[in-house]
Amino acid sequence: DQQVKQNSPSLSVQEGRISILNCDYTNSMFDYFLWYKKYPAEGPTFLISISSIKDKNEDGRFTVFLNKSAKHLSLHIVPSQPGDSAVYFCAASAWNAGNMLTFGGGTRLMVKP
Amino acid sequence: DVKVTQSSRYLVKRTGEKVFLECVQDMDHENMFWYRQDPGLGLRLIYFSYDVKMKEKGDIPEGYSVSREKKERFSLILESASTNQTSMYLCASSLAGLAGTSDLVYVFGPGTRLLVL
């Protein structure tokens, strides 16, 4: 049973427009959420995170929104750039699970020039 | 520049061979992890370790073993490689610190793409 789901395997966006990547979770114990970005033939790199005590966290062009009642988070990239083309993984951690992260299946973002 | 390094970027092995994948981190992290990444399946946890000589099974440990003799090094062993172990293998490390904080950020290595023929 997947506790973290990214239902869109791929997303295509025009350069300069907004990219919205979505992530749903089922475990109500999750209290910390992260987004990672992965280029082909490289390891994932940390992008942005959010604690469950917040509903928004912003870092430059990247904003993560958390809707706890819907068990949903999203990553907004504005404006999207061709260099943002990568696979994006969301991950979640439960307060009672130590430092274990549960990852979603990933969404491949393609930003077209 | 802190980092996680993996011994090989690409490996080609024969079915039945014993395969060693090495991972080293220089951040004095307590936790280390091995994942595999396959298209459509995301990142799946194979094994992890919270301390030297300590190991715990992840979601898909079958066909794998691990070794952590030193804090900075975590090895993944394929006892008898099979074609269904062809994958991208990713090592990661993290602090043992406070749950629900930035201590949770995993640092990943560059990955090893393994092809088993």
# chains A, B, ... in the order shown; residues from 1 in each chain; ligands from 1
$ interface_residues --of "chain A" --to "chain B" --cutoff "9 Å" --atoms "only C-alpha atoms" --output "number ranges by chain"
A: 9, 30-34, 41-46, 49-52, 89, 93-106
$ select_by_dssp --residues "region 60-107 of chain A" --states "strand (DSSP E or B)" --output "list in words"
Phe62, Thr63, Val64, Phe65, Leu66, Asn67, His72, Leu73, Ser74, Leu75, His76, Ile77, Ala86, Val87, Tyr88, Phe89, Cys90, Ala91, Ala92, Ser93, Ala94, Thr102, Phe103 and Thr107 of chain A
$ write_last_selection --atoms "N, CA, C and O atoms" --output "JSON list (two decimals), in the first residue's frame"
[["chain", "number", "residue", "atom", "x", "y", "z"],
["A", 62, "PHE", "N", 10.50, 28.29, -6.07],
["A", 62, "PHE", "CA", 9.84, 27.06, -5.60],
["A", 62, "PHE", "C", 9.01, 27.36, -4.35],
["A", 62, "PHE", "O", 9.49, 27.97, -3.40],
["A", 63, "THR", "N", 7.77, 26.89, -4.39],
["A", 63, "THR", "CA", 6.87, 27.02, -3.24],
["A", 63, "THR", "C", 6.20, 25.68, -3.01],
["A", 63, "THR", "O", 5.69, 25.08, -3.97],
["A", 64, "VAL", "N", 6.18, 25.24, -1.78],
["A", 64, "VAL", "CA", 5.46, 24.02, -1.44],
["A", 64, "VAL", "C", 4.25, 24.40, -0.59],
["A", 64, "VAL", "O", 4.36, 25.22, 0.34],
["A", 65, "PHE", "N", 3.11, 23.84, -0.93],
["A", 65, "PHE", "CA", 1.86, 24.06, -0.20],
["A", 65, "PHE", "C", 1.43, 22.75, 0.43],
["A", 65, "PHE", "O", 1.51, 21.70, -0.19],
["A", 66, "LEU", "N", 0.96, 22.85, 1.67],
["A", 66, "LEU", "CA", 0.50, 21.66, 2.37],
["A", 66, "LEU", "C", -0.95, 21.85, 2.81],
["A", 66, "LEU", "O", -1.27, 22.83, 3.49],
["A", 67, "ASN", "N", -1.80, 20.92, 2.44],
["A", 67, "ASN", "CA", -3.19, 20.91, 2.87],
["A", 67, "ASN", "C", -3.41, 19.65, 3.71],
["A", 67, "ASN", "O", -3.61, 18.56, 3.18],
["A", 72, "HIS", "N", -2.65, 16.44, 1.21],
["A", 72, "HIS", "CA", -2.17, 16.76, -0.13],
["A", 72, "HIS", "C", -1.11, 17.85, -0.05],
["A", 72, "HIS", "O", -1.24, 18.81, 0.73],
["A", 73, "LEU", "N", -0.05, 17.67, -0.81],
["A", 73, "LEU", "CA", 0.91, 18.75, -0.96],
["A", 73, "LEU", "C", 1.24, 18.95, -2.42],
["A", 73, "LEU", "O", 1.05, 18.05, -3.25],
["A", 74, "SER", "N", 1.69, 20.16, -2.72],
["A", 74, "SER", "CA", 2.01, 20.47, -4.11],
["A", 74, "SER", "C", 3.26, 21.34, -4.14],
["A", 74, "SER", "O", 3.56, 22.08, -3.21],
["A", 75, "LEU", "N", 3.98, 21.20, -5.23],
["A", 75, "LEU", "CA", 5.18, 22.00, -5.48],
["A", 75, "LEU", "C", 4.88, 22.88, -6.69],
["A", 75, "LEU", "O", 4.51, 22.38, -7.74],
["A", 76, "HIS", "N", 5.04, 24.20, -6.50],
["A", 76, "HIS", "CA", 4.85, 25.15, -7.58],
["A", 76, "HIS", "C", 6.20, 25.71, -8.00],
["A", 76, "HIS", "O", 7.00, 26.12, -7.14],
["A", 77, "ILE", "N", 6.43, 25.71, -9.29],
["A", 77, "ILE", "CA", 7.67, 26.29, -9.83],
["A", 77, "ILE", "C", 7.26, 27.43, -10.76],
["A", 77, "ILE", "O", 6.56, 27.21, -11.76],
["A", 86, "ALA", "N", 13.26, 17.43, -15.03],
["A", 86, "ALA", "CA", 13.84, 16.40, -14.17],
["A", 86, "ALA", "C", 12.70, 15.56, -13.62],
["A", 86, "ALA", "O", 11.53, 15.83, -13.87],
["A", 87, "VAL", "N", 13.05, 14.55, -12.84],
["A", 87, "VAL", "CA", 12.05, 13.79, -12.09],
["A", 87, "VAL", "C", 11.99, 14.37, -10.67],
["A", 87, "VAL", "O", 13.03, 14.58, -10.05],
["A", 88, "TYR", "N", 10.79, 14.62, -10.20],
["A", 88, "TYR", "CA", 10.58, 15.18, -8.87],
["A", 88, "TYR", "C", 9.92, 14.14, -7.97],
["A", 88, "TYR", "O", 8.89, 13.55, -8.32],
["A", 89, "PHE", "N", 10.54, 13.92, -6.82],
["A", 89, "PHE", "CA", 10.00, 12.97, -5.83],
["A", 89, "PHE", "C", 9.52, 13.74, -4.61],
["A", 89, "PHE", "O", 10.25, 14.61, -4.10],
["A", 90, "CYS", "N", 8.34, 13.44, -4.14],
["A", 90, "CYS", "CA", 7.97, 13.94, -2.83],
["A", 90, "CYS", "C", 8.25, 12.84, -1.81],
["A", 90, "CYS", "O", 8.28, 11.65, -2.15],
["A", 91, "ALA", "N", 8.50, 13.24, -0.59],
["A", 91, "ALA", "CA", 8.81, 12.30, 0.48],
["A", 91, "ALA", "C", 8.18, 12.79, 1.76],
["A", 91, "ALA", "O", 7.96, 13.99, 1.94],
["A", 92, "ALA", "N", 7.89, 11.86, 2.66],
["A", 92, "ALA", "CA", 7.25, 12.23, 3.92],
["A", 92, "ALA", "C", 7.86, 11.43, 5.05],
["A", 92, "ALA", "O", 8.35, 10.31, 4.86],
["A", 93, "SER", "N", 7.79, 12.05, 6.23],
["A", 93, "SER", "CA", 8.31, 11.39, 7.43],
["A", 93, "SER", "C", 7.29, 11.48, 8.54],
["A", 93, "SER", "O", 6.61, 12.50, 8.70],
["A", 94, "ALA", "N", 7.16, 10.40, 9.29],
["A", 94, "ALA", "CA", 6.24, 10.37, 10.43],
["A", 94, "ALA", "C", 7.01, 10.62, 11.72],
["A", 94, "ALA", "O", 8.13, 10.14, 11.88],
["A", 102, "THR", "N", 9.47, 8.18, 3.44],
["A", 102, "THR", "CA", 8.70, 7.39, 2.48],
["A", 102, "THR", "C", 8.57, 8.22, 1.21],
["A", 102, "THR", "O", 8.10, 9.36, 1.27],
["A", 103, "PHE", "N", 8.99, 7.65, 0.08],
["A", 103, "PHE", "CA", 9.01, 8.39, -1.17],
["A", 103, "PHE", "C", 7.81, 8.05, -2.04],
["A", 103, "PHE", "O", 7.31, 6.92, -2.04],
["A", 107, "THR", "N", 7.43, 12.24, -10.46],
["A", 107, "THR", "CA", 6.78, 12.86, -11.62],
["A", 107, "THR", "C", 7.87, 13.44, -12.51],
["A", 107, "THR", "O", 8.72, 14.21, -12.03]]
$ closest_residue --among "A:Lys112, A:Lys68, A:Thr26, A:Lys38" --to "Pro82 (chain A)" --atoms "only C-alpha atoms"
A:Lys112
$ closest_residue --among "A:Arg108, A:Lys71, A:Arg61, A:Lys56" --to "Gly16 (chain A)" --atoms "only C-alpha atoms"
A:Arg61
$ closest_residue --among "B:Gln25, B:Ser67, B:Ser49, B:Thr15" --to "Ser82 (chain B)" --atoms "only C-alpha atoms"
B:Thr15
$ decode --residues "region 52-87 of chain B" --atoms "C-alpha atoms" --output "PDB file, in the first residue's frame"
ATOM      1  CA  VAL B  52      28.092   0.720  12.763  1.00  0.00           C
ATOM      2  CA  LYS B  53      27.461  -3.010  12.473  1.00  0.00           C
ATOM      3  CA  MET B  54      23.729  -2.375  12.605  1.00  0.00           C
ATOM      4  CA  LYS B  55      21.366  -3.095   9.702  1.00  0.00           C
ATOM      5  CA  GLU B  56      17.651  -3.191   9.104  1.00  0.00           C
ATOM      6  CA  LYS B  57      15.676  -4.582   6.183  1.00  0.00           C
ATOM      7  CA  GLY B  58      13.787  -2.173   4.001  1.00  0.00           C
ATOM      8  CA  ASP B  59      10.921  -2.911   1.666  1.00  0.00           C
ATOM      9  CA  ILE B  60      12.758  -5.135  -0.828  1.00  0.00           C
ATOM     10  CA  PRO B  61      15.723  -6.858   0.900  1.00  0.00           C
ATOM     11  CA  GLU B  62      15.455 -10.202  -0.912  1.00  0.00           C
ATOM     12  CA  GLY B  63      18.600 -11.061  -2.838  1.00  0.00           C
ATOM     13  CA  TYR B  64      20.661  -8.387  -1.077  1.00  0.00           C
ATOM     14  CA  SER B  65      22.799  -8.073   2.014  1.00  0.00           C
ATOM     15  CA  VAL B  66      24.698  -5.146   3.518  1.00  0.00           C
ATOM     16  CA  SER B  67      27.726  -4.436   5.633  1.00  0.00           C
ATOM     17  CA  ARG B  68      28.618  -1.447   7.790  1.00  0.00           C
ATOM     18  CA  GLU B  69      31.977  -1.964   9.474  1.00  0.00           C
ATOM     19  CA  LYS B  70      32.814   1.740   9.651  1.00  0.00           C
ATOM     20  CA  LYS B  71      30.563   4.731  10.210  1.00  0.00           C
ATOM     21  CA  GLU B  72      31.368   6.325   6.866  1.00  0.00           C
ATOM     22  CA  ARG B  73      31.016   3.214   4.698  1.00  0.00           C
ATOM     23  CA  PHE B  74      27.930   1.184   3.786  1.00  0.00           C
ATOM     24  CA  SER B  75      28.210  -1.671   1.314  1.00  0.00           C
ATOM     25  CA  LEU B  76      25.461  -3.382  -0.643  1.00  0.00           C
ATOM     26  CA  ILE B  77      26.081  -6.967  -1.710  1.00  0.00           C
ATOM     27  CA  LEU B  78      24.228  -8.913  -4.367  1.00  0.00           C
ATOM     28  CA  GLU B  79      25.024 -12.484  -3.381  1.00  0.00           C
ATOM     29  CA  SER B  80      24.150 -13.949  -6.785  1.00  0.00           C
ATOM     30  CA  ALA B  81      23.186 -11.314  -9.313  1.00  0.00           C
ATOM     31  CA  SER B  82      20.063 -11.865 -11.373  1.00  0.00           C
ATOM     32  CA  THR B  83      18.679  -9.987 -14.364  1.00  0.00           C
ATOM     33  CA  ASN B  84      15.828  -8.545 -12.296  1.00  0.00           C
ATOM     34  CA  GLN B  85      18.443  -6.718 -10.226  1.00  0.00           C
ATOM     35  CA  THR B  86      19.334  -4.558 -13.200  1.00  0.00           C
ATOM     36  CA  SER B  87      18.603  -1.100 -11.839  1.00  0.00           C
TER      37      SER B  87
END
